[in-house]
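Text of data27.pdb, listed as PDB, C-alpha atoms:
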```
ATOM      1  CA  MET A 388     154.333 135.671  68.652
ATOM      2  CA  TYR A 389     150.677 135.465  69.685
ATOM      3  CA  ARG A 390     149.284 135.872  66.211
ATOM      4  CA  PHE A 391     148.170 132.235  66.405
ATOM      5  CA  LEU A 392     145.339 133.434  68.658
ATOM      6  CA  LEU A 393     143.641 134.793  65.533
ATOM      7  CA  THR A 394     143.547 131.407  63.787
ATOM      8  CA  PRO A 395     140.194 129.598  63.459
ATOM      9  CA  ARG A 396     141.414 126.840  65.771
ATOM     10  CA  TRP A 397     142.122 129.265  68.592
ATOM     11  CA  TRP A 398     138.910 131.170  67.970
ATOM     12  CA  GLY A 399     137.098 127.899  68.651
ATOM     13  CA  ILE A 400     139.158 127.224  71.790
ATOM     14  CA  ASN A 401     138.566 130.747  73.132
ATOM     15  CA  VAL A 402     134.825 130.619  72.509
ATOM     16  CA  PHE A 403     134.618 127.239  74.257
ATOM     17  CA  VAL A 404     136.516 128.596  77.291
ATOM     18  CA  LEU A 405     134.388 131.748  77.467
ATOM     19  CA  LEU A 406     131.243 129.624  77.498
ATOM     20  CA  ALA A 407     132.478 126.783  79.700
ATOM     21  CA  ILE A 408     133.730 128.863  82.632
ATOM     22  CA  PRO A 409     130.466 130.784  83.273
ATOM     23  CA  PHE A 410     128.489 127.569  82.808
ATOM     24  CA  CYS A 411     130.590 125.697  85.387
ATOM     25  CA  ILE A 412     130.358 128.592  87.836
ATOM     26  CA  PHE A 413     126.582 128.810  87.336
ATOM     27  CA  MET A 414     126.104 125.076  87.904
ATOM     28  CA  GLY A 415     128.373 125.113  90.949
ATOM     29  CA  SER A 416     126.475 128.064  92.416
ATOM     30  CA  TRP A 417     123.164 126.343  91.730
ATOM     31  CA  GLN A 418     124.278 123.156  93.496
ATOM     32  CA  LEU A 419     125.562 125.242  96.420
ATOM     33  CA  GLY A 420     122.192 126.955  96.586
ATOM     34  CA  ARG A 421     120.450 123.575  96.694
ATOM     35  CA  PHE A 422     122.691 122.507  99.587
ATOM     36  CA  GLU A 423     121.992 125.756 101.467
ATOM     37  CA  ASP A 424     118.250 125.268 100.896
ATOM     38  CA  ARG A 425     118.455 121.787 102.400
ATOM     39  CA  VAL A 426     120.406 123.118 105.379
ATOM     40  CA  GLN A 427     117.763 125.799 105.883
ATOM     41  CA  ASP A 428     114.966 123.236 105.536
ATOM     42  CA  HIS A 429     116.693 121.063 108.120
ATOM     43  CA  ARG A 430     117.062 124.006 110.501
ATOM     44  CA  SER A 431     113.459 125.073 109.967
ATOM     45  CA  ALA A 432     112.193 121.514 110.449
ATOM     46  CA  SER A 433     114.167 121.161 113.681
ATOM     47  CA  GLU A 434     112.821 124.464 114.998
ATOM     48  CA  ALA A 435     109.294 123.576 113.915
ATOM     49  CA  SER A 436     109.574 120.165 115.569
ATOM     50  CA  ALA A 437     110.577 121.785 118.853
ATOM     51  CA  GLN A 438     107.630 124.178 118.591
ATOM     52  CA  ASP A 439     105.211 121.411 117.598
ATOM     53  CA  LYS A 440     106.030 119.467 120.747
ATOM     54  CA  ARG A 441     104.909 122.461 122.804
ATOM     55  CA  ALA A 442     101.953 123.442 120.610
ATOM     56  CA  ALA A 443      98.403 122.383 121.378
ATOM     57  CA  ALA A 444      97.057 119.491 119.337
ATOM     58  CA  ARG A 445      94.634 120.376 116.544
ATOM     59  CA  PRO A 446      91.897 118.312 114.906
ATOM     60  CA  LEU A 447      93.199 115.910 112.287
ATOM     61  CA  ASP A 448      91.084 117.247 109.410
ATOM     62  CA  SER A 449      92.444 120.768 109.889
ATOM     63  CA  LEU A 450      96.008 119.549 109.205
ATOM     64  CA  LEU A 451      95.351 117.585 106.030
ATOM     65  CA  PRO A 452      96.801 117.083 103.497
ATOM     66  CA  VAL A 453     100.174 116.529 105.120
ATOM     67  CA  ASP A 454     103.023 118.659 103.766
ATOM     68  CA  LYS A 455     106.294 120.091 105.049
ATOM     69  CA  GLU A 456     104.366 122.689 107.043
ATOM     70  CA  THR A 457     102.035 120.290 108.842
ATOM     71  CA  SER A 458     104.253 117.199 109.098
ATOM     72  CA  GLY A 459     105.170 116.737 112.757
ATOM     73  CA  ASP A 460     102.293 118.893 114.051
ATOM     74  CA  ARG A 461     100.386 117.455 116.977
ATOM     75  CA  ALA A 462      97.018 116.137 115.847
ATOM     76  CA  THR A 463      94.067 114.690 117.664
ATOM     77  CA  ALA A 464      91.398 112.285 116.438
ATOM     78  CA  THR A 465      88.523 110.374 117.991
ATOM     79  CA  GLY A 466      87.196 106.955 117.041
ATOM     80  CA  ARG A 467      87.324 103.257 117.768
ATOM     81  CA  TYR A 468      90.289 100.984 117.243
ATOM     82  CA  GLY A 469      89.969  98.278 114.605
ATOM     83  CA  LYS A 470      92.430  96.057 112.755
ATOM     84  CA  GLN A 471      95.951  95.852 114.173
ATOM     85  CA  LEU A 472      99.109  95.345 112.103
ATOM     86  CA  LEU A 473     102.817  95.033 112.822
ATOM     87  CA  VAL A 474     105.649  96.802 110.984
ATOM     88  CA  PRO A 475     108.850  94.723 111.309
ATOM     89  CA  ASP A 476     112.511  95.735 111.081
ATOM     90  CA  ARG A 477     112.222  99.163 112.663
ATOM     91  CA  GLU A 478     115.038 100.485 114.834
ATOM     92  CA  LEU A 479     114.705 102.613 117.949
ATOM     93  CA  ASP A 480     117.614 103.676 120.159
ATOM     94  CA  GLY A 481     119.905 101.423 118.138
ATOM     95  CA  LYS A 482     117.800  98.308 118.736
ATOM     96  CA  ARG A 483     115.829  96.291 116.202
ATOM     97  CA  GLY A 484     112.131  95.821 116.765
ATOM     98  CA  PHE A 485     108.708  96.511 115.309
ATOM     99  CA  TYR A 486     105.914  99.075 115.341
ATOM    100  CA  VAL A 487     102.415  98.265 116.522
ATOM    101  CA  VAL A 488      99.968 100.007 114.186
ATOM    102  CA  THR A 489      96.251 100.011 114.924
ATOM    103  CA  MET A 490      93.621 101.466 112.614
ATOM    104  CA  LEU A 491      91.451 104.112 114.286
ATOM    105  CA  ARG A 492      88.017 104.245 112.652
ATOM    106  CA  THR A 493      86.763 107.815 112.943
ATOM    107  CA  ASP A 494      83.227 109.135 112.805
ATOM    108  CA  GLY A 495      83.823 110.202 109.207
ATOM    109  CA  GLY A 496      84.136 106.568 108.150
ATOM    110  CA  LYS A 497      87.843 106.673 107.328
ATOM    111  CA  ALA A 498      90.527 104.905 109.319
ATOM    112  CA  LEU A 499      93.710 106.520 110.601
ATOM    113  CA  PRO A 500      96.852 104.390 111.095
ATOM    114  CA  VAL A 501      98.041 104.997 114.659
ATOM    115  CA  VAL A 502     101.512 103.870 115.737
ATOM    116  CA  ARG A 503     100.761 102.980 119.333
ATOM    117  CA  GLY A 504     104.378 102.144 120.119
ATOM    118  CA  TRP A 505     107.504 100.075 119.483
ATOM    119  CA  LEU A 506     108.585  96.709 120.879
ATOM    120  CA  PRO A 507     112.003  95.015 120.596
ATOM    121  CA  GLY A 508     112.684  91.768 118.755
ATOM    122  CA  ASP A 509     110.913  90.007 115.916
ATOM    123  CA  ALA A 510     107.402  91.067 115.026
ATOM    124  CA  SER A 511     104.926  88.890 116.889
ATOM    125  CA  ALA A 512     101.213  89.366 117.341
ATOM    126  CA  ALA A 513     101.496  87.635 120.735
ATOM    127  CA  LYS A 514     103.803  90.389 122.001
ATOM    128  CA  ALA A 515     101.646  93.257 120.787
ATOM    129  CA  PRO A 516      99.146  94.470 123.405
ATOM    130  CA  ALA A 517      95.508  94.671 122.363
ATOM    131  CA  PRO A 518      94.152  98.174 121.740
ATOM    132  CA  PRO A 519      91.762  99.830 124.213
ATOM    133  CA  ALA A 520      88.086  99.067 123.668
ATOM    134  CA  GLY A 521      85.409 101.651 123.126
ATOM    135  CA  GLU A 522      85.737 105.198 121.882
ATOM    136  CA  VAL A 523      89.170 106.764 122.342
ATOM    137  CA  THR A 524      90.796 110.092 121.557
ATOM    138  CA  VAL A 525      94.395 109.860 120.393
ATOM    139  CA  THR A 526      97.003 112.609 120.285
ATOM    140  CA  GLY A 527     100.321 112.439 118.491
ATOM    141  CA  ALA A 528     102.608 113.752 115.761
ATOM    142  CA  LEU A 529     101.119 113.786 112.274
ATOM    143  CA  GLN A 530     103.230 112.044 109.630
ATOM    144  CA  ALA A 531     103.051 111.753 105.844
ATOM    145  CA  SER A 532     102.586 108.339 104.264
ATOM    146  CA  GLU A 533     105.871 106.489 103.956
ATOM    147  CA  THR A 534     107.497 105.591 100.648
ATOM    148  CA  ALA A 535     110.086 102.986  99.697
ATOM    149  CA  ASP A 536     112.896 105.534 100.124
ATOM    150  CA  SER A 537     111.719 106.885 103.482
ATOM    151  CA  ASP A 538     114.218 106.675 106.332
ATOM    152  CA  GLY A 539     113.889 103.456 108.290
ATOM    153  CA  VAL A 540     111.772 101.673 105.697
ATOM    154  CA  SER A 541     113.132  98.300 104.648
ATOM    155  CA  ALA A 542     112.565  96.714 101.250
ATOM    156  CA  THR A 543     111.424  93.437 102.813
ATOM    157  CA  GLY A 544     108.885  91.673 100.643
ATOM    158  CA  GLY A 545     106.538  88.740 101.112
ATOM    159  CA  LEU A 546     105.613  89.623 104.684
ATOM    160  CA  PRO A 547     103.455  87.251 106.737
ATOM    161  CA  ALA A 548      99.781  87.986 107.260
ATOM    162  CA  GLY A 549      99.204  90.784 109.747
ATOM    163  CA  GLN A 550     102.454  92.571 108.903
ATOM    164  CA  LEU A 551     103.038  95.749 106.952
ATOM    165  CA  GLY A 552     106.209  97.015 105.265
ATOM    166  CA  ILE A 553     105.274 100.658 104.687
ATOM    167  CA  ILE A 554     102.785 102.803 106.595
ATOM    168  CA  SER A 555     100.797 104.323 103.760
ATOM    169  CA  ALA A 556      97.287 104.401 102.375
ATOM    170  CA  ALA A 557      98.492 102.618  99.219
ATOM    171  CA  SER A 558      99.888  99.661 101.163
ATOM    172  CA  LEU A 559      96.820  99.426 103.410
ATOM    173  CA  VAL A 560      94.157  99.572 100.723
ATOM    174  CA  ASN A 561      94.150  95.782 100.278
ATOM    175  CA  LEU A 562      94.590  94.966 103.969
ATOM    176  CA  VAL A 563      91.666  96.752 105.571
ATOM    177  CA  PRO A 564      88.012  96.896 104.451
ATOM    178  CA  TYR A 565      87.623 100.680 104.772
ATOM    179  CA  ASP A 566      89.044 103.920 103.387
ATOM    180  CA  VAL A 567      92.315 105.084 104.922
ATOM    181  CA  TYR A 568      93.686 108.567 105.531
ATOM    182  CA  ASP A 569      96.780 109.417 103.513
ATOM    183  CA  ALA A 570      98.603 110.089 106.781
ATOM    184  CA  TRP A 571      99.350 108.484 110.144
ATOM    185  CA  ILE A 572     100.204 109.583 113.651
ATOM    186  CA  THR A 573     102.602 108.345 116.281
ATOM    187  CA  LEU A 574     101.291 108.692 119.814
ATOM    188  CA  ASP A 575     102.900 111.134 122.229
ATOM    189  CA  LYS A 576     102.743 108.430 124.899
ATOM    190  CA  ALA A 577     102.891 104.789 123.881
ATOM    191  CA  ASP A 578     100.291 102.315 125.098
ATOM    192  CA  ALA A 579     100.781  99.373 127.462
ATOM    193  CA  GLY A 580     104.511  99.298 128.132
ATOM    194  CA  MET A 581     105.624 100.041 124.584
ATOM    195  CA  LYS A 582     108.064 102.803 123.676
ATOM    196  CA  ALA A 583     106.778 105.890 121.882
ATOM    197  CA  VAL A 584     108.024 106.252 118.304
ATOM    198  CA  PRO A 585     109.488 109.735 117.701
ATOM    199  CA  ALA A 586     108.239 111.765 114.763
ATOM    200  CA  THR A 587     110.453 111.980 111.709
ATOM    201  CA  GLU A 588     111.307 115.097 109.757
ATOM    202  CA  PRO A 589     109.513 115.700 106.448
ATOM    203  CA  GLN A 590     111.173 113.871 103.559
ATOM    204  CA  GLY A 591     113.694 116.087 101.781
ATOM    205  CA  SER A 592     114.149 118.460 104.722
ATOM    206  CA  GLY A 593     117.065 116.750 106.439
ATOM    207  CA  LEU A 594     120.814 116.687 105.878
ATOM    208  CA  ASP A 595     120.634 113.379 104.039
ATOM    209  CA  LEU A 596     122.839 111.881 101.331
ATOM    210  CA  LYS A 597     121.256 114.088  98.664
ATOM    211  CA  ALA A 598     122.275 117.222 100.558
ATOM    212  CA  PHE A 599     125.914 116.168 100.658
ATOM    213  CA  GLN A 600     125.708 115.105  97.023
ATOM    214  CA  ASN A 601     124.757 118.697  96.226
ATOM    215  CA  LEU A 602     127.809 119.884  98.150
ATOM    216  CA  GLY A 603     130.026 117.402  96.300
ATOM    217  CA  TYR A 604     128.657 118.507  92.923
ATOM    218  CA  THR A 605     129.382 122.107  93.907
ATOM    219  CA  GLY A 606     133.055 121.276  94.349
ATOM    220  CA  GLU A 607     133.143 119.305  91.093
ATOM    221  CA  TRP A 608     131.755 122.160  88.999
ATOM    222  CA  PHE A 609     134.209 124.668  90.467
ATOM    223  CA  VAL A 610     137.056 122.210  89.872
ATOM    224  CA  PHE A 611     135.903 121.871  86.244
ATOM    225  CA  ALA A 612     136.023 125.659  85.875
ATOM    226  CA  GLY A 613     139.555 125.750  87.255
ATOM    227  CA  PHE A 614     140.579 122.852  85.009
ATOM    228  CA  VAL A 615     139.330 124.697  81.904
ATOM    229  CA  VAL A 616     141.388 127.774  82.846
ATOM    230  CA  PHE A 617     144.437 125.619  83.586
ATOM    231  CA  MET A 618     144.228 123.787  80.238
ATOM    232  CA  TRP A 619     143.744 127.058  78.333
ATOM    233  CA  PHE A 620     146.899 128.547  79.850
ATOM    234  CA  ARG A 621     148.797 125.315  79.223
ATOM    235  CA  LEU A 622     147.793 125.245  75.555
ATOM    236  CA  LEU A 623     148.587 128.943  75.209
ATOM    237  CA  ARG A 624     152.039 128.500  76.707
ATOM    238  CA  ARG A 625     152.849 125.491  74.537
ATOM    239  CA  GLU A 626     151.653 127.232  71.374
ATOM    240  CA  ALA A 627     153.659 130.358  72.270
ATOM    241  CA  GLU A 628     156.788 128.247  72.778
ATOM    242  CA  PHE A 629     156.307 126.600  69.360
ATOM    243  CA  ALA A 630     155.845 130.010  67.754
ATOM    244  CA  ARG A 631     158.977 131.378  69.435
ATOM    245  CA  ASP A 632     161.043 128.367  68.427
ATOM    246  CA  ALA A 633     159.828 128.730  64.861
ATOM    247  CA  GLU A 634     160.858 132.410  64.787
ATOM    248  CA  LEU A 635     164.315 131.487  66.081
ATOM    249  CA  GLY A 636     164.663 128.623  63.632
ATOM    250  CA  LEU A 637     164.648 126.071  66.442
ATOM    251  CA  ALA A 638     161.631 124.121  65.274
ATOM    252  CA  PRO A 639     162.061 120.326  65.547
ATOM    253  CA  ALA A 640     163.314 118.570  62.440
ATOM    254  CA  SER A 641     160.042 116.709  62.086
ATOM    255  CA  GLU A 642     158.252 120.034  61.699
ATOM    256  CA  GLU A 643     160.605 121.498  59.040
ATOM    257  CA  PRO A 644     159.103 121.681  55.566
ATOM    258  CA  ALA A 645     160.004 118.706  53.395
ATOM    259  CA  ASP A 646     162.447 119.242  50.490
ATOM    260  CA  HIS A 647     160.687 118.389  47.281
ATOM    261  CA  THR A 648     163.397 119.738  44.919
ATOM    262  CA  GLY A 649     165.192 116.425  44.602
ATOM    263  CA  ALA A 650     168.572 118.158  45.213
ATOM    264  CA  ASP A 651     169.649 115.592  47.778
ATOM    265  CA  ARG A 652     168.710 112.572  45.743
ATOM    266  CA  VAL A 653     171.455 110.102  44.892
ATOM    267  CA  PRO A 654     171.782 109.897  41.119
ATOM    268  CA  THR A 655     171.124 106.537  39.652
ATOM    269  CA  ALA A 656     172.937 104.997  36.724
TER     270      ALA A 656
END
```
If you took the structure in this file and wrote it as structure tokens, what would it be?
Amino acid sequence: MYRFLLTPRWWGINVFVLLAIPFCIFMGSWQLGRFEDRVQDHRSASEASAQDKRAAARPLDSLLPVDKETSGDRATATGRYGKQLLVPDRELDGKRGFYVVTMLRTDGGKALPVVRGWLPGDASAAKAPAPPAGEVTVTGALQASETADSDGVSATGGLPAGQLGIISAASLVNLVPYDVYDAWITLDKADAGMKAVPATEPQGSGLDLKAFQNLGYTGEWFVFAGFVVFMWFRLLRREAEFARDAELGLAPASEEPADHTGADRVPTA
């Protein structure tokens, strides 16, 4: 009854199933591994952040370039404050406001963007306190340059003069007349009545949408594997039923061989 399994059609079906199931399981396992990696990165980043808050600050140059290992570390730099910019549409504690970013010109000639604090409401230069004069030493959490898909960054374009959408060297290159570090820091203690901006986790290390997409893809691939098995058994059962009916002479009339003998023809005059 199962001799149909040896037909070319079923050889093709069987080969497809034998290849599809391991492939689906492999892809599902890979996506699950990606999700577990992101969970581990999130856990490691959280633990590192807690340690960084207690660790002694280190010189800025010793922590560059910023990566997942150094992002969030406490850094210190010395220089003089220069141009000040505002970053609108930033939330803190569920309230909308803006960052006050002041460029710190170091002895090396480069400038470091320093987030001196956050203020509520619309960005306004009149609200932002002036930076301290003279040489200062700042201490805060080191952060990588922001990108368009960084958390908290809005896609607002056409900002007024003196405002900045993204804190990055690329966005500052045309706004300040000096070289800029490809990094920034947020002060441990905000200046002049502003609220300190907490450090963010390195991009790609949190339980973001991509992490849960990996988990969703894991389920999809395993469902695909189960669907392939289900369809194979369904086709096998249907084919076996057809074969059994044929052996018992119960095949549907539409499947009976046509009579080409002409025995049933009505004679014509």
**Request:** Taking the file above as input, evaluate the PyMOL selection byres ((chain A and resi 576-584) around 9) and report the hits as a list in words.
**Result:**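 So the PyMOL selection byres ((chain A and resi 576-584) around 9), applied here, picks out Leu479, Tyr486, Val487, Val502, Arg503, Gly504, Trp505, Leu506, Ala515, Pro516, Ala517, Pro518, Pro519, Thr526, Gly527, Thr573, Leu574, Asp575, Pro585 and Ala586 of chain A.
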How big is the axis-aligned box around all listed atoms of segment 475-479 of chain A once 3 Å goes on each side, and where's its centre, in Å to one decimal, as lines of an AutoDock Vina configuration file?
```
center_x = 111.9
center_y = 98.7
center_z = 114.5
size_x = 12.2
size_y = 13.9
size_z = 12.9
```
**Request:** Find the residue from A:Asp509, A:Asp494, A:Glu456, A:Glu628 that sits nearest to Lys482 of chain A; use only C-alpha atoms when measuring.
**Result:**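 The shortest atom-to-atom distance to Lys482 of chain A comes from A:Asp509.
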**Item:** Contacts of Pro452 of chain A at 10 Å (all atoms listed in the file; same-chain gap of 3+ positions) as JSON, numbers by chain
**Value:** {"A": [447, 448, 449, 457, 458, 531, 568, 569, 570]}
**Distance query Phe609 of chain A at most 12 Å, all atoms listed in the file, self and fewer than 6 positions along chain excluded, as a ChimeraX atom specification** = /A:407-419,602-603,615-616
**Message:** For this structure, which residues satisfy the selection - the PyMOL selection byres ((chain A and resi 557) around 10) - when it is evaluated on the file as given? I want them as number ranges by chain.
**Reply:** A: 532-534, 553-556, 558-562, 567-569
**Request:** Could you please determine the separation between atom CA of Asn401 of chain A and atom CA of Asp632 of chain A in Å, to one decimal place?
**Result:**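 Taking atom CA of Asn401 of chain A and atom CA of Asp632 of chain A, their separation equals 23.1 Å.
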**Prompt:** Of the candidates A:Gly495, A:Thr524, A:Arg624, A:Leu451, which shows the shortest atom-to-atom distance to Tyr468 of chain A, using all atoms listed in the file?
**Reply:**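 Closest residue, counting all atoms listed in the file: A:Thr524.
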**Message:** Can you pull out the residues contacting Thr493 of chain A? Cut-off 10 Å, using all atoms listed in the file, and skip same-chain residues under 4 positions away; I want them as a ChimeraX atom specification.
**Reply:** /A:464-468,497-499,522-524
**Fill in**
As a check of understanding: the span from atom CA of Glu588 of chain A to atom CA of Pro547 of chain A is 29.1 Å
**Prompt:** If you measure from atom CA of Pro475 of chain A to atom CA of Gly545 of chain A, what distance in Å do you get, rounded to one decimal?
**Reply:** 12.0 Å
**Prompt:** Which residue gives the smallest distance to Gly521 of chain A among A:Gly469, A:Ala548, A:Ile572, A:Asp480, with all atoms listed in the file counted?
**Reply:**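 Of all the options, A:Gly469 lies closest to Gly521 of chain A.
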**Asked** Written as a ChimeraX atom specification, what is the full residue list that the PyMOL selection byres ((chain A and resi 389) around 8) yields on the file shown?
**Response** /A:388,390-392,627,630
**Request:** Measuring atom to atom with all atoms listed in the file, identify which of A:Gly481, A:Tyr565, A:Thr489, A:Asp424 is nearest to Lys597 of chain A.
**Result:** A:Asp424
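The residue that comes closest to Leu473 of chain A, out of A:Phe629, A:Asp460, A:Met490, A:Asp454 and on the basis of only C-alpha atoms, is A:Met490.
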**Request:** Have a look at A:Pro564, A:Gly636, A:Gly613, A:Gly606 and name the one nearest to Gly496 of chain A; count only C-alpha atoms.
**Result:** A:Pro564
Please output segment 510-529 of chain A, rebuilt to include N, CA and C atoms, as a PDB file, in the coordinates of the input.
```pdb
ATOM      1  N   ALA A 510     108.823  90.732 114.985  1.00  0.00           N
ATOM      2  CA  ALA A 510     107.402  91.067 115.026  1.00  0.00           C
ATOM      3  C   ALA A 510     106.585  89.842 115.400  1.00  0.00           C
ATOM      4  N   SER A 511     105.747  90.007 116.416  1.00  0.00           N
ATOM      5  CA  SER A 511     104.926  88.890 116.889  1.00  0.00           C
ATOM      6  C   SER A 511     103.611  89.446 117.414  1.00  0.00           C
ATOM      7  N   ALA A 512     102.526  88.914 116.891  1.00  0.00           N
ATOM      8  CA  ALA A 512     101.213  89.366 117.341  1.00  0.00           C
ATOM      9  C   ALA A 512     101.005  89.049 118.826  1.00  0.00           C
ATOM     10  N   ALA A 513     101.643  88.008 119.331  1.00  0.00           N
ATOM     11  CA  ALA A 513     101.496  87.635 120.735  1.00  0.00           C
ATOM     12  C   ALA A 513     102.118  88.686 121.660  1.00  0.00           C
ATOM     13  N   LYS A 514     103.152  89.364 121.181  1.00  0.00           N
ATOM     14  CA  LYS A 514     103.803  90.389 122.001  1.00  0.00           C
ATOM     15  C   LYS A 514     103.027  91.696 122.015  1.00  0.00           C
ATOM     16  N   ALA A 515     102.309  91.965 120.932  1.00  0.00           N
ATOM     17  CA  ALA A 515     101.646  93.257 120.787  1.00  0.00           C
ATOM     18  C   ALA A 515     100.411  93.341 121.671  1.00  0.00           C
ATOM     19  N   PRO A 516     100.322  94.343 122.541  1.00  0.00           N
ATOM     20  CA  PRO A 516      99.146  94.470 123.405  1.00  0.00           C
ATOM     21  C   PRO A 516      97.908  94.855 122.607  1.00  0.00           C
ATOM     22  N   ALA A 517      96.768  94.358 123.037  1.00  0.00           N
ATOM     23  CA  ALA A 517      95.508  94.671 122.363  1.00  0.00           C
ATOM     24  C   ALA A 517      95.164  96.143 122.574  1.00  0.00           C
ATOM     25  N   PRO A 518      94.520  96.762 121.602  1.00  0.00           N
ATOM     26  CA  PRO A 518      94.152  98.174 121.740  1.00  0.00           C
ATOM     27  C   PRO A 518      93.016  98.355 122.736  1.00  0.00           C
ATOM     28  N   PRO A 519      92.879  99.553 123.300  1.00  0.00           N
ATOM     29  CA  PRO A 519      91.762  99.830 124.213  1.00  0.00           C
ATOM     30  C   PRO A 519      90.423  99.669 123.498  1.00  0.00           C
ATOM     31  N   ALA A 520      89.423  99.226 124.229  1.00  0.00           N
ATOM     32  CA  ALA A 520      88.086  99.067 123.668  1.00  0.00           C
ATOM     33  C   ALA A 520      87.303 100.356 123.823  1.00  0.00           C
ATOM     34  N   GLY A 521      86.267 100.488 123.030  1.00  0.00           N
ATOM     35  CA  GLY A 521      85.409 101.651 123.126  1.00  0.00           C
ATOM     36  C   GLY A 521      85.984 102.864 122.405  1.00  0.00           C
ATOM     37  N   GLU A 522      85.310 103.977 122.560  1.00  0.00           N
ATOM     38  CA  GLU A 522      85.737 105.198 121.882  1.00  0.00           C
ATOM     39  C   GLU A 522      86.957 105.791 122.581  1.00  0.00           C
ATOM     40  N   VAL A 523      87.940 106.180 121.795  1.00  0.00           N
ATOM     41  CA  VAL A 523      89.170 106.764 122.342  1.00  0.00           C
ATOM     42  C   VAL A 523      89.520 108.021 121.560  1.00  0.00           C
ATOM     43  N   THR A 524      90.250 108.901 122.210  1.00  0.00           N
ATOM     44  CA  THR A 524      90.796 110.092 121.557  1.00  0.00           C
ATOM     45  C   THR A 524      92.311 109.990 121.611  1.00  0.00           C
ATOM     46  N   VAL A 525      92.938 110.009 120.464  1.00  0.00           N
ATOM     47  CA  VAL A 525      94.395 109.860 120.393  1.00  0.00           C
ATOM     48  C   VAL A 525      95.036 111.201 120.059  1.00  0.00           C
ATOM     49  N   THR A 526      96.244 111.388 120.546  1.00  0.00           N
ATOM     50  CA  THR A 526      97.003 112.609 120.285  1.00  0.00           C
ATOM     51  C   THR A 526      98.437 112.224 119.964  1.00  0.00           C
ATOM     52  N   GLY A 527      98.947 112.755 118.873  1.00  0.00           N
ATOM     53  CA  GLY A 527     100.321 112.439 118.491  1.00  0.00           C
ATOM     54  C   GLY A 527     100.786 113.279 117.322  1.00  0.00           C
ATOM     55  N   ALA A 528     101.997 112.990 116.856  1.00  0.00           N
ATOM     56  CA  ALA A 528     102.608 113.752 115.761  1.00  0.00           C
ATOM     57  C   ALA A 528     102.094 113.236 114.426  1.00  0.00           C
ATOM     58  N   LEU A 529     101.623 114.133 113.596  1.00  0.00           N
ATOM     59  CA  LEU A 529     101.119 113.786 112.274  1.00  0.00           C
ATOM     60  C   LEU A 529     102.288 113.509 111.341  1.00  0.00           C
TER      61      LEU A 529
END
```
